[in-house]
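Everything below belongs to model.txt, which stores compact mmCIF, C-alpha atoms.
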# COMPACT_ATOMS: atom_id res chain seq x y z
CA MET A 1 -146.38 -69.82 27.43
CA ARG A 2 -144.79 -72.57 25.35
CA VAL A 3 -145.10 -73.08 21.61
CA ARG A 4 -144.13 -76.38 20.05
CA ARG A 5 -143.65 -77.01 16.34
CA VAL A 6 -143.55 -80.65 15.32
CA GLN A 7 -143.07 -82.21 11.89
CA GLU A 8 -143.25 -85.83 10.87
CA ILE A 9 -142.18 -87.38 7.58
CA ASP A 10 -142.57 -90.92 6.29
CA ILE A 11 -139.46 -92.89 5.29
CA PRO A 12 -140.56 -95.91 3.22
CA ASN A 13 -139.03 -99.28 4.16
CA LEU A 14 -137.03 -97.77 7.01
CA SER A 15 -137.32 -100.98 9.06
CA LYS A 16 -135.87 -103.01 6.19
CA LYS A 17 -133.04 -100.49 5.82
CA LEU A 18 -132.23 -100.81 9.51
CA THR A 19 -132.16 -104.60 9.24
CA ALA A 20 -129.90 -104.52 6.18
CA ALA A 21 -127.54 -102.00 7.77
CA ARG A 22 -127.28 -104.07 10.94
CA LYS A 23 -126.46 -107.25 8.98
CA ALA A 24 -123.88 -105.43 6.87
CA ALA A 25 -122.13 -103.86 9.85
CA ASP A 26 -118.67 -105.00 10.90
CA GLU A 27 -119.63 -105.03 14.57
CA SER A 28 -122.15 -106.80 16.75
CA LEU A 29 -125.61 -105.49 17.49
CA LEU A 30 -124.62 -105.15 21.15
CA SER A 31 -121.72 -102.90 20.17
CA ILE A 32 -123.96 -100.84 17.91
CA CYS A 33 -126.57 -100.39 20.63
CA ARG A 34 -123.98 -99.36 23.19
CA LYS A 35 -122.82 -96.57 20.89
CA LEU A 36 -126.41 -95.49 20.31
CA GLU A 37 -127.28 -95.80 24.04
CA ILE A 38 -130.28 -98.03 23.35
CA THR A 39 -130.97 -101.70 24.09
CA PRO A 40 -131.03 -104.55 21.57
CA THR A 41 -134.68 -105.08 22.52
CA TYR A 42 -135.53 -101.56 21.38
CA TRP A 43 -133.51 -102.01 18.17
CA TYR A 44 -135.50 -105.13 17.28
CA LYS A 45 -138.74 -103.22 17.92
CA LEU A 46 -137.58 -100.72 15.29
CA GLU A 47 -136.80 -103.50 12.85
CA LYS A 48 -140.23 -105.01 13.39
CA SER A 49 -141.94 -101.61 13.04
CA GLU A 50 -143.50 -101.99 16.50
CA ASP A 51 -142.83 -98.29 17.11
CA SER A 52 -144.55 -96.18 14.46
CA THR A 53 -142.16 -93.24 14.99
CA ILE A 54 -138.49 -92.78 15.80
CA ASN A 55 -136.79 -89.77 17.35
CA TYR A 56 -134.98 -87.74 14.68
CA ASP A 57 -131.79 -87.33 16.75
CA LEU A 58 -131.57 -91.10 17.27
CA LEU A 59 -132.13 -91.77 13.57
CA ARG A 60 -129.41 -89.28 12.70
CA LYS A 61 -127.00 -91.11 15.02
CA ILE A 62 -127.90 -94.42 13.37
CA ASP A 63 -127.40 -92.86 9.94
CA GLU A 64 -123.95 -91.60 10.92
CA LEU A 65 -122.93 -94.91 12.47
CA LEU A 66 -124.26 -97.33 9.85
CA SER A 67 -124.28 -95.11 6.74
CA LEU A 68 -127.95 -95.48 5.89
CA ASN A 69 -127.62 -92.61 3.40
CA LEU A 70 -131.07 -91.28 4.23
CA ASP A 71 -132.20 -88.13 2.49
CA ILE A 72 -134.24 -86.52 5.25
CA SER A 73 -135.74 -83.14 4.50
CA PHE A 74 -138.12 -81.13 6.67
CA SER A 75 -140.11 -78.26 5.19
CA GLU A 76 -139.33 -74.82 6.59
CA ASP A 77 -142.55 -73.31 5.24
CA PRO A 78 -144.93 -72.80 8.20
CA ASP A 79 -147.93 -72.93 5.86
CA SER A 80 -146.98 -76.47 4.85
CA ILE A 81 -147.27 -77.75 8.41
CA LYS A 82 -150.58 -79.10 9.63
CA HIS A 83 -151.07 -77.74 13.12
CA LYS A 84 -153.00 -80.03 15.39
CA GLU A 85 -153.66 -79.54 19.06
CA LYS A 86 -152.30 -82.55 20.84
CA ASN A 87 -153.70 -83.34 24.26
CA MET A 88 -152.47 -86.14 26.47
CA ASP A 89 -154.22 -89.35 25.42
CA LEU A 90 -155.17 -91.25 28.56
CA SER A 91 -157.91 -93.33 26.96
CA ARG A 92 -155.99 -96.55 27.69
CA LEU A 93 -155.40 -95.72 31.36
CA GLN A 94 -156.89 -98.68 33.23
CA TRP A 95 -154.61 -99.33 36.18
CA VAL A 96 -152.98 -97.83 39.23
CA LYS A 97 -150.03 -99.31 41.14
CA VAL A 98 -148.10 -98.39 44.29
CA VAL A 99 -144.34 -98.51 43.74
CA THR A 100 -143.02 -96.97 46.97
CA PRO A 101 -139.64 -98.47 47.91
CA PRO A 102 -139.50 -100.38 51.21
CA LYS A 103 -137.96 -98.90 54.35
CA GLY A 104 -134.19 -98.95 54.22
CA TRP A 105 -134.07 -98.76 50.42
CA HIS A 106 -131.24 -96.59 49.12
CA SER A 107 -133.66 -94.25 47.33
CA TYR A 108 -136.78 -92.58 48.72
CA TRP A 109 -138.38 -92.52 45.26
CA ALA A 110 -138.77 -95.43 42.88
CA TYR A 111 -137.93 -95.05 39.19
CA ASN A 112 -136.63 -91.50 39.40
CA THR A 113 -133.72 -90.39 37.20
CA ASP A 114 -131.08 -91.70 39.61
CA GLU A 115 -132.85 -95.05 39.93
CA ILE A 116 -133.17 -95.39 36.16
CA THR A 117 -129.44 -94.68 35.79
CA SER A 118 -128.59 -97.17 38.53
CA MET A 119 -130.71 -99.85 36.86
CA LYS A 120 -128.94 -99.27 33.56
CA GLU A 121 -125.49 -99.37 35.18
CA GLY A 122 -126.53 -102.59 36.91
CA GLY A 123 -127.04 -104.31 33.58
CA GLN A 124 -130.83 -104.11 33.32
CA GLU A 125 -132.39 -103.42 29.95
CA VAL A 126 -133.17 -99.74 30.33
CA ILE A 127 -133.50 -96.97 27.75
CA ASN A 128 -133.09 -93.36 28.79
CA SER A 129 -132.13 -91.51 25.64
CA ASN A 130 -133.55 -88.86 23.33
CA GLY A 131 -136.61 -88.41 25.53
CA VAL A 132 -137.48 -92.11 25.47
CA VAL A 133 -137.54 -93.84 28.88
CA ILE A 134 -138.21 -97.59 29.03
CA PHE A 135 -137.59 -99.80 32.06
CA PRO A 136 -138.77 -103.06 33.66
CA LEU A 137 -141.53 -102.30 36.20
CA GLY A 138 -141.29 -104.70 39.13
CA PHE A 139 -144.13 -106.65 40.75
CA LYS A 140 -144.07 -109.15 43.61
CA HIS A 141 -147.20 -110.89 42.40
CA GLU A 142 -148.33 -112.87 39.38
CA LYS A 143 -151.05 -110.25 38.83
CA ALA A 144 -148.32 -108.50 36.88
CA ALA A 145 -149.91 -110.36 33.96
CA ASP A 146 -153.26 -108.54 34.33
CA PRO A 147 -152.48 -105.36 32.34
CA ALA A 148 -152.54 -105.95 28.59
CA LYS A 149 -149.95 -104.70 26.13
CA GLY A 150 -150.77 -101.07 25.38
CA ASP A 151 -152.57 -100.43 28.68
CA LEU A 152 -151.50 -97.43 30.74
CA ILE A 153 -150.64 -97.70 34.44
CA LEU A 154 -150.56 -94.78 36.86
CA LEU A 155 -147.75 -95.15 39.41
CA THR A 156 -148.15 -93.57 42.82
CA GLN A 157 -145.80 -93.35 45.78
CA HIS A 158 -145.75 -91.34 48.99
CA SER A 159 -149.23 -90.02 48.09
CA LYS A 160 -147.93 -88.53 44.83
CA VAL A 161 -148.57 -89.38 41.18
CA THR A 162 -145.07 -89.81 39.76
CA HIS A 163 -145.49 -91.65 36.45
CA ILE A 164 -147.91 -92.82 33.83
CA VAL A 165 -146.44 -95.68 31.84
CA GLU A 166 -147.45 -97.79 28.86
CA VAL A 167 -147.06 -101.59 28.95
CA LEU A 168 -144.88 -102.72 26.03
CA ASP A 169 -144.76 -106.51 26.37
CA ASP A 170 -147.41 -109.21 26.13
CA PHE A 171 -146.51 -111.13 29.28
CA PRO A 172 -144.37 -110.58 32.39
CA SER A 173 -140.96 -112.08 32.83
CA GLN A 174 -140.08 -113.72 36.14
CA SER A 175 -136.88 -113.76 38.16
CA GLY A 176 -137.20 -115.51 41.50
CA ASP A 177 -140.17 -114.07 43.36
CA TRP A 178 -140.25 -110.98 41.15
CA PHE A 179 -142.21 -110.35 37.98
CA SER A 180 -141.59 -107.46 35.60
CA ARG A 181 -143.23 -105.74 32.65
CA PHE A 182 -141.37 -103.48 30.27
CA VAL A 183 -143.01 -100.07 30.29
CA LYS A 184 -142.49 -96.76 28.51
CA VAL A 185 -142.91 -93.50 30.38
CA ILE A 186 -145.81 -91.46 29.00
CA TRP A 187 -145.78 -88.78 31.70
CA TRP A 188 -143.41 -87.82 34.50
CA LYS A 189 -141.56 -84.77 35.80
CA PRO A 190 -137.98 -86.00 36.27
CA ASP A 191 -136.51 -82.54 36.87
CA LEU A 192 -138.88 -81.58 39.67
CA ASN A 193 -138.43 -82.23 43.38
CA TRP A 194 -141.09 -84.93 43.75
CA ASN A 195 -141.71 -83.88 47.34
CA GLU A 196 -143.27 -80.75 45.85
CA LEU A 197 -145.67 -82.62 43.56
CA PRO A 198 -149.34 -82.09 44.47
CA ASP A 199 -151.10 -84.69 46.58
CA ARG A 200 -152.59 -87.43 44.44
CA LYS A 201 -156.09 -86.63 45.76
CA GLU A 202 -155.82 -83.21 44.13
CA VAL A 203 -154.61 -84.73 40.85
CA LEU A 204 -157.06 -87.64 40.71
CA GLY A 205 -160.12 -85.89 42.06
CA PHE A 206 -160.86 -88.59 44.62
CA ASN A 207 -159.25 -90.03 47.73
CA LEU A 208 -157.29 -93.05 46.55
CA GLN A 209 -156.67 -95.57 49.34
CA VAL A 210 -154.32 -98.25 48.05
CA GLN A 211 -151.57 -100.21 49.77
CA GLY A 212 -150.54 -103.37 47.94
CA GLY A 213 -148.20 -103.21 44.96
CA ILE A 214 -150.44 -105.19 42.63
CA PRO A 215 -152.14 -103.41 39.71
CA TYR A 216 -155.66 -102.25 40.56
CA GLU A 217 -158.30 -101.20 38.07
CA PHE A 218 -159.76 -97.79 38.89
CA GLY A 219 -163.26 -99.25 39.00
CA SER A 220 -162.26 -101.46 41.93
CA PHE A 221 -162.11 -98.44 44.29
CA GLU A 222 -165.30 -97.41 46.08
CA ASN A 223 -164.12 -93.81 46.31
CA PHE A 224 -163.55 -93.69 42.57
CA ASN A 225 -167.01 -95.06 41.85
CA ALA A 226 -168.59 -92.64 44.31
CA GLU A 227 -166.95 -89.64 42.63
CA TRP A 228 -166.58 -90.73 39.00
CA GLY A 229 -168.82 -93.79 38.58
CA GLY A 230 -170.17 -93.88 35.04
CA ARG A 231 -168.03 -90.88 34.09
CA LYS A 232 -164.70 -92.50 33.22
CA GLN A 233 -164.07 -90.22 30.23
CA GLU A 234 -164.66 -87.11 32.33
CA PHE A 235 -162.24 -88.49 34.92
CA LEU A 236 -159.54 -89.02 32.26
CA LYS A 237 -160.05 -85.54 30.80
CA ASN A 238 -159.82 -84.00 34.27
CA LEU A 239 -156.70 -86.01 35.05
CA ALA A 240 -155.02 -84.85 31.82
CA VAL A 241 -155.78 -81.25 32.74
CA GLU A 242 -154.36 -81.65 36.25
CA LEU A 243 -151.20 -83.29 34.93
CA GLU A 244 -150.69 -80.50 32.43
CA LYS A 245 -150.74 -78.02 35.33
CA ILE A 246 -147.72 -79.63 36.99
Translate the structure described by the file into C-alpha cells.
Amino acid sequence: MRVRRVQEIDIPNLSKKLTAARKAADESLLSICRKLEITPTYWYKLEKSEDSTINYDLLRKIDELLSLNLDISFSEDPDSIKHKEKNMDLSRLQWVKVVTPPKGWHSYWAYNTDEITSMKEGGQEVINSNGVVIFPLGFKHEKAADPAKGDLILLTQHSKVTHIVEVLDDFPSQSGDWFSRFVKVIWWKPDLNWNELPDRKEVLGFNLQVQGGIPYEFGSFENFNAEWGGRKQEFLKNLAVELEKI
C-alpha cells in the first residue's frame, strides 16, 4: 500500500522572475538548460506560463543556479493540507497509435528509457528529468496533424499498452518524410520489463486490431463500438483502473 502526500504553493510572478533571471545571467540559455538538464523549449514554456506547475527539485536547481532568492516554505502541519483523491484523468484520451519499431531496428521497444536517452544524446529535443518526460513522437503521415494540442494518445506496440502521452504543440514539424509532435508522458512503466505487461486486450477491454502508424480515434474501431459504444466514459474509467493495476 502506498501513501502519497503532495503540497502545492503559489509563487506570484514566477514566470517573470525566470525571464528576468535568464536575461541577467552571464551565460547563454543553452548553457543554463544544459546544467539544468532541460531543453530551451521547455524553459520558454515556463516563461510563458504554459505549464501551470513546476517540479520543486527543478525549481530549486534554477534557484541555486540563477539566484532567484525564492522564499519557498511548505507547511509541515498535516491538518493544513487538503487531501484530495487524485485519479488518472483520461478524459482527453481520443487517439491510439502503433509505434512498433520496424524489423532490424536496434531496439525492440520504441520510446523506452534507452531510446529516450539515445534520442537525447543524438541531439533531439528531449526532456527526461525530475519525473518529466517529453519527446518528439514520430509519424510517417501528415495525419500527425489530426490530434489537437492537449489531446491524449495511447501508444501500443507488440500487443502491449506502453504509453499514454499528451500532445504539447499545435502543429507537427516535418523533416523529410517524417512528421513529429512533441508529447509529454502521462503514463508508462519505464522500470518494468515490457514483455511482462498485460496484453492490450486485457487493459482496453476489447480486441484492438490496428496496424498502420497513423493516429486512430477509438470510435473508428468496430470492436470498440461493439463493446463500449455510447459508453466512452465507462471505457475511460475502466482503462484507468486497469492501468493502476500494472
Would you compute, for all listed atoms of range 179-190 of chain A, the axis-aligned bounding box grown by 5 Å on each side, and then report its centre and edge lengths in Å rounded to one decimal, as JSON?
{"center_x": -141.9, "center_y": -97.6, "center_z": 33.2, "size_x": 17.8, "size_y": 35.6, "size_z": 19.5}
Next item on the list: Take CA of Val183 in chain A and CA of Val167 in chain A and report the distance between them in Å, one decimal.
Entry: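 The value is 4.5 Å.
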Next item on the list: Between CA of Val126 in chain A and CA of His163 in chain A, measure the distance and give it in Å to one decimal.
Entry: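 Answer for the CA of Val126 in chain A to CA of His163 in chain A separation: 16.0 Å.
The interatomic distance for the pair CA of Gly104 in chain A and CA of Lys160 in chain A works out to 19.6 Å.
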Next item on the list: For each of A:Leu208, A:Ile246, A:Leu93, A:Val241, take the minimum atom-to-atom distance to Glu227 in chain A, counting all atoms listed in the file, then give the residue where this is smallest.
Entry: A:Leu208
Notebook entry, point to check: Pick the closest to Leu137 in chain A from A:Asp89, A:Glu121, A:Asp151, A:Glu166: which is it, counting all atoms listed in the file?
Noted result: A:Glu166
Check: Restricting the calculation to only C-alpha atoms, which member of A:Asn13, A:Ser28, A:Asn225, A:Ser67 is positioned closest to Leu46 in chain A?
Finding: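 Closest candidate: A:Asn13.
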Considering all atoms listed in the file, return as an mmCIF file with C-alpha atoms, keeping the file's coordinate frame whatever protein or nucleic-acid residues lie within 10 Å of range 141-143 of chain A, sequence-local ones (same chain, fewer than 6 positions apart) excluded.
data_model
loop_
_atom_site.group_PDB
_atom_site.id
_atom_site.type_symbol
_atom_site.label_atom_id
_atom_site.label_comp_id
_atom_site.auth_asym_id
_atom_site.auth_seq_id
_atom_site.Cartn_x
_atom_site.Cartn_y
_atom_site.Cartn_z
ATOM 1 C CA PRO A 172 -144.370 -110.580 32.390
ATOM 2 C CA SER A 173 -140.960 -112.080 32.830
ATOM 3 C CA GLN A 174 -140.080 -113.720 36.140
ATOM 4 C CA ASP A 177 -140.170 -114.070 43.360
ATOM 5 C CA TRP A 178 -140.250 -110.980 41.150
ATOM 6 C CA PHE A 179 -142.210 -110.350 37.980
ATOM 7 C CA SER A 180 -141.590 -107.460 35.600
ATOM 8 C CA GLY A 212 -150.540 -103.370 47.940
ATOM 9 C CA GLY A 213 -148.200 -103.210 44.960
ATOM 10 C CA ILE A 214 -150.440 -105.190 42.630
ATOM 11 C CA PRO A 215 -152.140 -103.410 39.710
ATOM 12 C CA TYR A 216 -155.660 -102.250 40.560
#
Checklist line | Close residues, Asn207 in chain A itself excluded, 10 Å, all atoms listed in the file, min 2 positions apart in chain, as a VMD selection string | finding: chain A and resid 199 to 205 209 to 210 221 to 224 227
Next item on the list: Please provide the set of residues having any atom within 12 Å of Gly123 in chain A, restricted to all atoms listed in the file, with same-chain residues fewer than 3 positions apart removed, written as a ChimeraX atom specification.
Entry: /A:34,39,116-120,126-127,135-136
Next item on the list: Do a neighbour search on Val98 in chain A at 6 Å with all atoms listed in the file, toss out local chain neighbours closer than 5 positions, and write the hits as a ChimeraX atom specification.
Entry: /A:155-157,213
Notebook entry, point to check: Within 8 Å of Ala148 in chain A, counting only C-alpha atoms, which residues qualify if same-chain residues fewer than 2 places away don't, as number ranges by chain?
Noted result: A: 145-146, 150-151, 167, 170-171
Next item on the list: Measuring atom to atom with all atoms listed in the file, identify which of A:Glu27, A:Glu47, A:Glu37, A:Glu244 is nearest to Ser15 in chain A.
Entry: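 Nearest to Ser15 in chain A: A:Glu47.
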